[in-house]
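Only one structure is covered here, and it is reproduced in the block below.
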Amino acid sequence: MSSSRDLAKPRYGFNFQWMVSSSAGKAPAAPDRKALDFMAEHGFDYVRVPCDYRFWTKDFDYLHPDESVLLYLDSYLEACTECGMHLSLNIHRAPGYCINGNDLEKHNLWVDSLPQDGFIHIWSLFAKRYRGVPNSRLSFDLLNEPPDIGQYGMTRPNHEAIMRRICAAIWSIDPDRALIIDGLEGGNITMPELTDLDVAQSCRGYQPMTVSHYLADWWSGSKGMSQPVYPGSIWWDKCWDRTTIREFYEPWVEIRDKGRPVFVGEFGCYNKTPQDVALRWFKDLFSVFRELGFGYGMWNFEGVFGIIGHNRPGALFEDYKGYKVDRALLDLMIESRFEGGPV
């Protein structure tokens, strides 16, 4: 049976958007060797690759993927292995569901059997393709950020049923494959009903969103937000500081204490938040991750949420091997790493 213990060791790294969003005529990106070399040089060892199923699926024909596209996934695994990285393969847009642009889907993953069967089919295909690859090199992160309970007809019971079906299908092919299940409501809510499964659970590091998502134009909740402050930002009727952040993760500590690894699959701060506010927030966030022994994957490496060229107001950048690096943020990340579990 699966070995979630292989995910218990904290790993640290980034999300890479090589196959995250399909559009007409757009091909997946090649693995970014330069970025992987940068990561290796600075001691990072984790790469999460969120994928859009439409890269290999045409006209919602879920059961007949274009397997030539999957050669890109092979190249990601090869590149990460050569650079000493663990690859976590994630489905960001699944048949019938995505947290962004769900209206583009023809079917509903939560209530329709056709996309459910298609979703299980692709994970079964991945299980066959990568059967026997060590968990030190590869894990499967089943579905990015399920919606709020009740949204699109998603309930805890039907989410649980789908996740159990996927796990059973994968393990029937590759019994030892390490699996990760993202928390409900965008990765924020734990799933104690699934702790009997030998899987890791993945949370998020975006709270309070008044800091992390200030002026994020793709999210309606950012409309009308005041200029961010930290500590002291008001969100969910709470005043946020390190204590509030630590309290937010208490349910995840309970999952960890039941013997299931917990990982922060995504976190980051949009580049409209001033640098001084962002760094104070990052410092507390990393402090909590280190205390709890949670590994993490920043969203993303290069770009508006990353450590490279985000252009956040007030940030200073260091030119390094062709990158404009937020050295202050990079140093905080390096200091936050902890080998061996919670302190």
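To be explicit about the labels: the chains of the structure tokens are called A, B, and onward in the order shown, and within each one the residues are counted from 1, while ligands get numbers from 1 in the order they are shown.
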Pick out the residues sitting within 7 Å of segment 87-96 of chain A, and hand them over as a JSON list (two decimals) with all heavy atoms, in the first residue's frame; count only C-alpha atoms, and ignore anything fewer than 4 positions along from it in its own chain.
[["chain", "number", "residue", "atom", "x", "y", "z"],
["A", 20, "VAL", "N", 0.14, 24.64, -17.03],
["A", 20, "VAL", "CA", -0.94, 25.01, -16.10],
["A", 20, "VAL", "C", -2.18, 25.53, -16.81],
["A", 20, "VAL", "O", -3.28, 25.44, -16.26],
["A", 20, "VAL", "CB", -0.44, 26.04, -15.07],
["A", 20, "VAL", "CG1", -0.27, 27.42, -15.70],
["A", 20, "VAL", "CG2", -1.39, 26.12, -13.89],
["A", 46, "TYR", "N", 12.08, 20.62, -4.31],
["A", 46, "TYR", "CA", 10.68, 20.27, -4.58],
["A", 46, "TYR", "C", 10.13, 21.11, -5.73],
["A", 46, "TYR", "O", 10.27, 22.34, -5.75],
["A", 46, "TYR", "CB", 9.84, 20.50, -3.32],
["A", 46, "TYR", "CG", 8.35, 20.34, -3.52],
["A", 46, "TYR", "CD1", 7.74, 19.09, -3.41],
["A", 46, "TYR", "CD2", 7.54, 21.45, -3.81],
["A", 46, "TYR", "CE1", 6.37, 18.94, -3.58],
["A", 46, "TYR", "CE2", 6.17, 21.30, -3.98],
["A", 46, "TYR", "CZ", 5.59, 20.06, -3.87],
["A", 46, "TYR", "OH", 4.24, 19.91, -4.05],
["A", 47, "VAL", "N", 9.52, 20.43, -6.70],
["A", 47, "VAL", "CA", 8.88, 21.08, -7.84],
["A", 47, "VAL", "C", 7.46, 20.56, -7.97],
["A", 47, "VAL", "O", 7.24, 19.35, -8.11],
["A", 47, "VAL", "CB", 9.66, 20.81, -9.14],
["A", 47, "VAL", "CG1", 8.87, 21.30, -10.36],
["A", 47, "VAL", "CG2", 11.03, 21.47, -9.10],
["A", 48, "ARG", "N", 6.49, 21.45, -7.89],
["A", 48, "ARG", "CA", 5.09, 21.08, -8.13],
["A", 48, "ARG", "C", 4.70, 21.59, -9.51],
["A", 48, "ARG", "O", 4.90, 22.77, -9.82],
["A", 48, "ARG", "CB", 4.18, 21.68, -7.06],
["A", 48, "ARG", "CG", 2.68, 21.30, -7.19],
["A", 48, "ARG", "CD", 1.92, 21.84, -6.00],
["A", 48, "ARG", "NE", 0.52, 21.49, -5.98],
["A", 48, "ARG", "CZ", -0.48, 22.31, -6.34],
["A", 48, "ARG", "NH1", -0.18, 23.55, -6.74],
["A", 48, "ARG", "NH2", -1.73, 21.93, -6.28],
["A", 49, "VAL", "N", 4.16, 20.69, -10.33],
["A", 49, "VAL", "CA", 3.75, 21.06, -11.69],
["A", 49, "VAL", "C", 2.24, 20.88, -11.81],
["A", 49, "VAL", "O", 1.74, 19.76, -11.95],
["A", 49, "VAL", "CB", 4.48, 20.21, -12.75],
["A", 49, "VAL", "CG1", 3.97, 20.56, -14.14],
["A", 49, "VAL", "CG2", 5.98, 20.45, -12.67],
["A", 50, "PRO", "N", 1.48, 21.98, -11.72],
["A", 50, "PRO", "CA", 0.03, 21.91, -11.93],
["A", 50, "PRO", "C", -0.27, 21.79, -13.42],
["A", 50, "PRO", "O", 0.31, 22.50, -14.25],
["A", 50, "PRO", "CB", -0.48, 23.26, -11.38],
["A", 50, "PRO", "CG", 0.71, 23.95, -10.78],
["A", 50, "PRO", "CD", 1.91, 23.34, -11.39],
["A", 51, "CYS", "N", -1.18, 20.89, -13.77],
["A", 51, "CYS", "CA", -1.47, 20.59, -15.17],
["A", 51, "CYS", "C", -2.93, 20.85, -15.53],
["A", 51, "CYS", "O", -3.83, 20.64, -14.71],
["A", 51, "CYS", "CB", -1.14, 19.13, -15.48],
["A", 51, "CYS", "SG", 0.59, 18.70, -15.28],
["A", 52, "ASP", "N", -3.13, 21.23, -16.76],
["A", 52, "ASP", "CA", -4.45, 21.44, -17.35],
["A", 52, "ASP", "C", -4.72, 20.26, -18.28],
["A", 52, "ASP", "O", -4.00, 20.06, -19.27],
["A", 52, "ASP", "CB", -4.42, 22.76, -18.12],
["A", 52, "ASP", "CG", -5.75, 23.14, -18.77],
["A", 52, "ASP", "OD1", -6.59, 22.23, -18.97],
["A", 52, "ASP", "OD2", -5.92, 24.32, -19.12],
["A", 53, "TYR", "N", -5.76, 19.49, -17.98],
["A", 53, "TYR", "CA", -6.03, 18.27, -18.75],
["A", 53, "TYR", "C", -6.29, 18.56, -20.23],
["A", 53, "TYR", "O", -6.16, 17.67, -21.08],
["A", 53, "TYR", "CB", -7.23, 17.51, -18.16],
["A", 53, "TYR", "CG", -8.58, 18.11, -18.53],
["A", 53, "TYR", "CD1", -9.28, 17.63, -19.64],
["A", 53, "TYR", "CD2", -9.14, 19.15, -17.81],
["A", 53, "TYR", "CE1", -10.51, 18.16, -20.00],
["A", 53, "TYR", "CE2", -10.35, 19.70, -18.16],
["A", 53, "TYR", "CZ", -11.04, 19.21, -19.26],
["A", 53, "TYR", "OH", -12.25, 19.76, -19.63],
["A", 77, "LEU", "N", 9.91, 15.06, -15.34],
["A", 77, "LEU", "CA", 10.43, 14.10, -14.37],
["A", 77, "LEU", "C", 11.93, 13.88, -14.58],
["A", 77, "LEU", "O", 12.70, 13.86, -13.61],
["A", 77, "LEU", "CB", 9.68, 12.78, -14.48],
["A", 77, "LEU", "CG", 10.14, 11.66, -13.56],
["A", 77, "LEU", "CD1", 10.03, 12.07, -12.09],
["A", 77, "LEU", "CD2", 9.33, 10.38, -13.82],
["A", 80, "CYS", "N", 13.85, 17.04, -13.40],
["A", 80, "CYS", "CA", 13.85, 17.19, -11.94],
["A", 80, "CYS", "C", 14.76, 16.14, -11.30],
["A", 80, "CYS", "O", 15.50, 16.45, -10.35],
["A", 80, "CYS", "CB", 12.42, 17.06, -11.41],
["A", 80, "CYS", "SG", 11.37, 18.48, -11.76],
["A", 105, "GLU", "N", -15.89, 24.59, -18.36],
["A", 105, "GLU", "CA", -16.10, 23.15, -18.39],
["A", 105, "GLU", "C", -17.49, 22.80, -18.92],
["A", 105, "GLU", "O", -18.47, 23.51, -18.65],
["A", 105, "GLU", "CB", -15.92, 22.57, -16.98],
["A", 105, "GLU", "CG", -14.51, 22.70, -16.45],
["A", 105, "GLU", "CD", -13.49, 22.03, -17.36],
["A", 105, "GLU", "OE1", -13.73, 20.87, -17.75],
["A", 105, "GLU", "OE2", -12.48, 22.66, -17.69],
["A", 106, "LYS", "N", -17.56, 21.72, -19.65],
["A", 106, "LYS", "CA", -18.83, 21.25, -20.21],
["A", 106, "LYS", "C", -19.60, 20.42, -19.20],
["A", 106, "LYS", "O", -20.84, 20.43, -19.18],
["A", 106, "LYS", "CB", -18.55, 20.41, -21.47],
["A", 106, "LYS", "CG", -19.80, 19.89, -22.18],
["A", 106, "LYS", "CD", -19.41, 19.13, -23.44],
["A", 106, "LYS", "CE", -20.65, 18.62, -24.18],
["A", 106, "LYS", "NZ", -20.26, 17.88, -25.41],
["A", 107, "HIS", "N", -18.87, 19.69, -18.34],
["A", 107, "HIS", "CA", -19.50, 18.80, -17.37],
["A", 107, "HIS", "C", -19.13, 19.24, -15.96],
["A", 107, "HIS", "O", -18.34, 20.18, -15.77],
["A", 107, "HIS", "CB", -19.06, 17.35, -17.62],
["A", 107, "HIS", "CG", -19.34, 16.88, -19.01],
["A", 107, "HIS", "ND1", -18.36, 16.73, -19.96],
["A", 107, "HIS", "CD2", -20.52, 16.53, -19.60],
["A", 107, "HIS", "CE1", -18.91, 16.31, -21.09],
["A", 107, "HIS", "NE2", -20.20, 16.17, -20.90],
["A", 108, "ASN", "N", -19.69, 18.55, -14.99],
["A", 108, "ASN", "CA", -19.48, 18.88, -13.57],
["A", 108, "ASN", "C", -18.87, 17.68, -12.87],
["A", 108, "ASN", "O", -19.52, 16.63, -12.73],
["A", 108, "ASN", "CB", -20.82, 19.26, -12.92],
["A", 108, "ASN", "CG", -20.66, 19.73, -11.49],
["A", 108, "ASN", "OD1", -19.77, 19.31, -10.76],
["A", 108, "ASN", "ND2", -21.56, 20.62, -11.06],
["A", 109, "LEU", "N", -17.63, 17.83, -12.45],
["A", 109, "LEU", "CA", -16.91, 16.72, -11.81],
["A", 109, "LEU", "C", -17.65, 16.18, -10.60],
["A", 109, "LEU", "O", -17.60, 14.98, -10.31],
["A", 109, "LEU", "CB", -15.51, 17.19, -11.40],
["A", 109, "LEU", "CG", -14.65, 16.19, -10.62],
["A", 109, "LEU", "CD1", -14.31, 14.98, -11.48],
["A", 109, "LEU", "CD2", -13.38, 16.86, -10.10],
["A", 115, "PRO", "N", -17.14, 12.97, -16.38],
["A", 115, "PRO", "CA", -15.85, 13.54, -16.00],
["A", 115, "PRO", "C", -15.17, 12.78, -14.87],
["A", 115, "PRO", "O", -13.94, 12.73, -14.80],
["A", 115, "PRO", "CB", -16.19, 14.98, -15.60],
["A", 115, "PRO", "CG", -17.62, 14.94, -15.23],
["A", 115, "PRO", "CD", -18.24, 13.92, -16.13],
["A", 118, "GLY", "N", -13.43, 10.03, -16.50],
["A", 118, "GLY", "CA", -12.29, 10.56, -17.23],
["A", 118, "GLY", "C", -11.15, 10.94, -16.33],
["A", 118, "GLY", "O", -9.97, 10.73, -16.66],
["A", 119, "PHE", "N", -11.48, 11.49, -15.17],
["A", 119, "PHE", "CA", -10.46, 11.88, -14.19],
["A", 119, "PHE", "C", -9.73, 10.64, -13.68],
["A", 119, "PHE", "O", -8.49, 10.63, -13.59],
["A", 119, "PHE", "CB", -11.16, 12.63, -13.06],
["A", 119, "PHE", "CG", -10.23, 13.41, -12.15],
["A", 119, "PHE", "CD1", -9.03, 13.91, -12.60],
["A", 119, "PHE", "CD2", -10.60, 13.65, -10.84],
["A", 119, "PHE", "CE1", -8.19, 14.65, -11.77],
["A", 119, "PHE", "CE2", -9.78, 14.38, -10.00],
["A", 119, "PHE", "CZ", -8.57, 14.88, -10.46],
["A", 137, "ARG", "N", 11.31, 10.52, -5.90],
["A", 137, "ARG", "CA", 11.38, 11.31, -7.13],
["A", 137, "ARG", "C", 10.02, 11.83, -7.56],
["A", 137, "ARG", "O", 9.96, 12.86, -8.25],
["A", 137, "ARG", "CB", 11.95, 10.45, -8.26],
["A", 137, "ARG", "CG", 13.40, 10.06, -8.10],
["A", 137, "ARG", "CD", 13.82, 9.07, -9.18],
["A", 137, "ARG", "NE", 13.47, 9.56, -10.53],
["A", 137, "ARG", "CZ", 13.43, 8.78, -11.62],
["A", 137, "ARG", "NH1", 13.70, 7.49, -11.51],
["A", 137, "ARG", "NH2", 13.11, 9.30, -12.79],
["A", 138, "LEU", "N", 8.92, 11.16, -7.18],
["A", 138, "LEU", "CA", 7.63, 11.49, -7.76],
["A", 138, "LEU", "C", 6.49, 11.23, -6.80],
["A", 138, "LEU", "O", 6.44, 10.19, -6.13],
["A", 138, "LEU", "CB", 7.40, 10.64, -9.03],
["A", 138, "LEU", "CG", 6.07, 10.82, -9.75],
["A", 138, "LEU", "CD1", 5.99, 12.20, -10.40],
["A", 138, "LEU", "CD2", 5.89, 9.73, -10.81],
["A", 139, "SER", "N", 5.56, 12.18, -6.73],
["A", 139, "SER", "CA", 4.29, 11.98, -6.03],
["A", 139, "SER", "C", 3.17, 12.51, -6.92],
["A", 139, "SER", "O", 3.40, 13.30, -7.84],
["A", 139, "SER", "CB", 4.28, 12.69, -4.67],
["A", 139, "SER", "OG", 4.46, 14.10, -4.82],
["A", 140, "PHE", "N", 1.94, 12.09, -6.63],
["A", 140, "PHE", "CA", 0.76, 12.55, -7.35],
["A", 140, "PHE", "C", -0.08, 13.41, -6.41],
["A", 140, "PHE", "O", -0.51, 12.94, -5.35],
["A", 140, "PHE", "CB", -0.09, 11.37, -7.82],
["A", 140, "PHE", "CG", 0.52, 10.52, -8.91],
["A", 140, "PHE", "CD1", -0.03, 9.26, -9.20],
["A", 140, "PHE", "CD2", 1.60, 10.95, -9.65],
["A", 140, "PHE", "CE1", 0.51, 8.47, -10.20],
["A", 140, "PHE", "CE2", 2.16, 10.17, -10.65],
["A", 140, "PHE", "CZ", 1.61, 8.92, -10.93],
["A", 141, "ASP", "N", -0.34, 14.64, -6.81],
["A", 141, "ASP", "CA", -1.22, 15.57, -6.08],
["A", 141, "ASP", "C", -2.52, 15.61, -6.87],
["A", 141, "ASP", "O", -2.60, 16.21, -7.95],
["A", 141, "ASP", "CB", -0.54, 16.94, -6.02],
["A", 141, "ASP", "CG", -1.34, 17.98, -5.26],
["A", 141, "ASP", "OD1", -2.53, 17.75, -5.00],
["A", 141, "ASP", "OD2", -0.78, 19.05, -4.96],
["A", 142, "LEU", "N", -3.58, 15.00, -6.34],
["A", 142, "LEU", "CA", -4.70, 14.56, -7.16],
["A", 142, "LEU", "C", -5.54, 15.67, -7.78],
["A", 142, "LEU", "O", -5.90, 15.59, -8.95],
["A", 142, "LEU", "CB", -5.60, 13.63, -6.33],
["A", 142, "LEU", "CG", -4.90, 12.38, -5.76],
["A", 142, "LEU", "CD1", -5.92, 11.49, -5.06],
["A", 142, "LEU", "CD2", -4.16, 11.61, -6.84],
["A", 143, "LEU", "N", -5.87, 16.71, -7.03],
["A", 143, "LEU", "CA", -6.74, 17.76, -7.56],
["A", 143, "LEU", "C", -6.45, 19.08, -6.86],
["A", 143, "LEU", "O", -6.53, 19.17, -5.64],
["A", 143, "LEU", "CB", -8.22, 17.39, -7.37],
["A", 143, "LEU", "CG", -9.22, 18.45, -7.81],
["A", 143, "LEU", "CD1", -9.15, 18.67, -9.33],
["A", 143, "LEU", "CD2", -10.64, 18.08, -7.38],
["A", 144, "ASN", "N", -6.14, 20.09, -7.64],
["A", 144, "ASN", "CA", -5.87, 21.40, -7.07],
["A", 144, "ASN", "C", -7.13, 22.05, -6.50],
["A", 144, "ASN", "O", -8.14, 22.19, -7.19],
["A", 144, "ASN", "CB", -5.28, 22.32, -8.13],
["A", 144, "ASN", "CG", -4.90, 23.67, -7.56],
["A", 144, "ASN", "OD1", -3.93, 23.79, -6.81],
["A", 144, "ASN", "ND2", -5.66, 24.71, -7.89]]
Picked from segment 131-288 of chain A by DSSP as strand (DSSP E), as a ChimeraX atom specification: /A:138-141,179-182,200-205,233-235,238-240,262-267
Which is closer to Thr243 of chain A than all the others in A:Val277, A:Leu197, A:Leu332, A:Val288, using only C-alpha atoms?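 The answer is A:Val288, which sits nearest to Thr243 of chain A.
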Within 12 Å of segment 66-74 of chain A: each segment 106-178 of chain A residue with its shortest pair, only C-alpha atoms, as a tab-separated table:
residue	atom	partner	partner_atom	distance
A:Ile122	CA	A:Glu67	CA	10.3
A:Leu125	CA	A:Glu67	CA	9.5
A:Phe126	CA	A:Leu70	CA	9.0
A:Arg129	CA	A:Asp74	CA	9.0
A:Tyr130	CA	A:Asp74	CA	8.9
A:Val133	CA	A:Asp74	CA	11.5
A:Leu138	CA	A:Asp74	CA	11.2
Residues from the last selection, N, CA and C atoms, saved as a CSV table (one decimal), in the first residue's frame:
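Once written, result_10.csv looks like this:
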chain,number,residue,atom,x,y,z
A,122,ILE,N,-7.3,9.2,-16.4
A,122,ILE,CA,-6.0,9.9,-16.6
A,122,ILE,C,-5.1,9.5,-15.4
A,125,LEU,N,-3.8,6.2,-16.1
A,125,LEU,CA,-2.8,6.2,-17.1
A,125,LEU,C,-1.4,6.7,-16.6
A,126,PHE,N,-1.5,7.7,-15.7
A,126,PHE,CA,-0.2,8.2,-15.1
A,126,PHE,C,0.4,7.1,-14.2
A,129,ARG,N,2.1,4.7,-16.4
A,129,ARG,CA,3.3,5.3,-17.1
A,129,ARG,C,4.5,5.4,-16.1
A,130,TYR,N,4.2,5.7,-14.8
A,130,TYR,CA,5.3,6.0,-13.9
A,130,TYR,C,5.4,4.9,-12.8
A,133,VAL,N,8.5,4.2,-10.3
A,133,VAL,CA,9.4,5.4,-10.0
A,133,VAL,C,9.4,5.7,-8.5
A,138,LEU,N,8.9,11.2,-7.2
A,138,LEU,CA,7.6,11.5,-7.8
A,138,LEU,C,6.5,11.2,-6.8
From the options A:Met85, A:Ala161, A:Ile170, A:Leu36, which residue's atoms come nearest to Ser113 of chain A, counting only C-alpha atoms? A:Ala161
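For the pair atom CA of Tyr76 of chain A and atom CA of Ala30 of chain A, the interatomic distance is 7.7 Å.
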May I have all residues of segment 13-96 of chain A that DSSP, computed from the backbone, assigns to alpha helix (DSSP H), given as number ranges by chain? A: 33-41, 70-82
For the residues selected in the previous step, produce a file with N, CA and C atoms as a compact mmCIF listing (two decimals), in the first residue's frame.
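Here's the written file part_37.txt:
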# COMPACT_ATOMS: atom_id res chain seq x y z
N ARG A 33 15.50 24.37 -17.14
CA ARG A 33 16.74 23.86 -16.53
C ARG A 33 17.47 24.96 -15.75
N LYS A 34 17.44 26.18 -16.27
CA LYS A 34 18.11 27.27 -15.58
C LYS A 34 17.50 27.48 -14.20
N ALA A 35 16.16 27.45 -14.12
CA ALA A 35 15.49 27.62 -12.83
C ALA A 35 15.80 26.45 -11.90
N LEU A 36 15.81 25.24 -12.44
CA LEU A 36 16.11 24.07 -11.61
C LEU A 36 17.54 24.13 -11.08
N ASP A 37 18.46 24.60 -11.90
CA ASP A 37 19.85 24.75 -11.44
C ASP A 37 19.93 25.79 -10.32
N PHE A 38 19.18 26.88 -10.45
CA PHE A 38 19.14 27.89 -9.39
C PHE A 38 18.62 27.28 -8.09
N MET A 39 17.55 26.51 -8.19
CA MET A 39 16.99 25.86 -7.01
C MET A 39 18.01 24.94 -6.35
N ALA A 40 18.66 24.11 -7.16
CA ALA A 40 19.63 23.17 -6.61
C ALA A 40 20.77 23.90 -5.92
N GLU A 41 21.22 24.97 -6.53
CA GLU A 41 22.32 25.75 -5.96
C GLU A 41 21.96 26.32 -4.60
N LEU A 70 2.04 13.72 -23.29
CA LEU A 70 2.56 13.27 -22.01
C LEU A 70 4.08 13.11 -22.01
N LEU A 71 4.68 13.18 -23.19
CA LEU A 71 6.14 13.18 -23.25
C LEU A 71 6.72 14.39 -22.52
N TYR A 72 5.95 15.49 -22.49
CA TYR A 72 6.40 16.66 -21.73
C TYR A 72 6.51 16.31 -20.24
N LEU A 73 5.54 15.55 -19.73
CA LEU A 73 5.61 15.15 -18.32
C LEU A 73 6.83 14.28 -18.08
N ASP A 74 7.13 13.40 -19.03
CA ASP A 74 8.33 12.59 -18.91
C ASP A 74 9.57 13.47 -18.82
N SER A 75 9.60 14.53 -19.62
CA SER A 75 10.77 15.43 -19.61
C SER A 75 10.86 16.19 -18.30
N TYR A 76 9.72 16.54 -17.70
CA TYR A 76 9.75 17.21 -16.40
C TYR A 76 10.35 16.30 -15.34
N LEU A 77 9.91 15.06 -15.34
CA LEU A 77 10.43 14.10 -14.37
C LEU A 77 11.93 13.88 -14.58
N GLU A 78 12.34 13.74 -15.82
CA GLU A 78 13.75 13.53 -16.10
C GLU A 78 14.60 14.72 -15.65
N ALA A 79 14.14 15.93 -15.96
CA ALA A 79 14.90 17.13 -15.59
C ALA A 79 14.97 17.28 -14.08
N CYS A 80 13.85 17.04 -13.40
CA CYS A 80 13.85 17.19 -11.94
C CYS A 80 14.76 16.14 -11.30
N THR A 81 14.72 14.92 -11.81
CA THR A 81 15.58 13.87 -11.28
C THR A 81 17.04 14.23 -11.45
N GLU A 82 17.41 14.72 -12.62
CA GLU A 82 18.80 15.08 -12.89
C GLU A 82 19.28 16.21 -11.99
Give me, as a PyMOL selection string, all polymer residues having an atom no more than 12 Å from segment 312-327 of chain A, counting only C-alpha atoms and skipping those fewer than 3 positions away in the same chain. chain A and resi 34-35+37-38+41-42+212+214+269-279+301-309+330-334
Between A:Arg204, A:Lys26, A:Arg177, A:Arg165, which one has atoms that come closest to Gly295 of chain A, using only C-alpha atoms?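 Under the stated criterion, the closest residue is A:Arg204.
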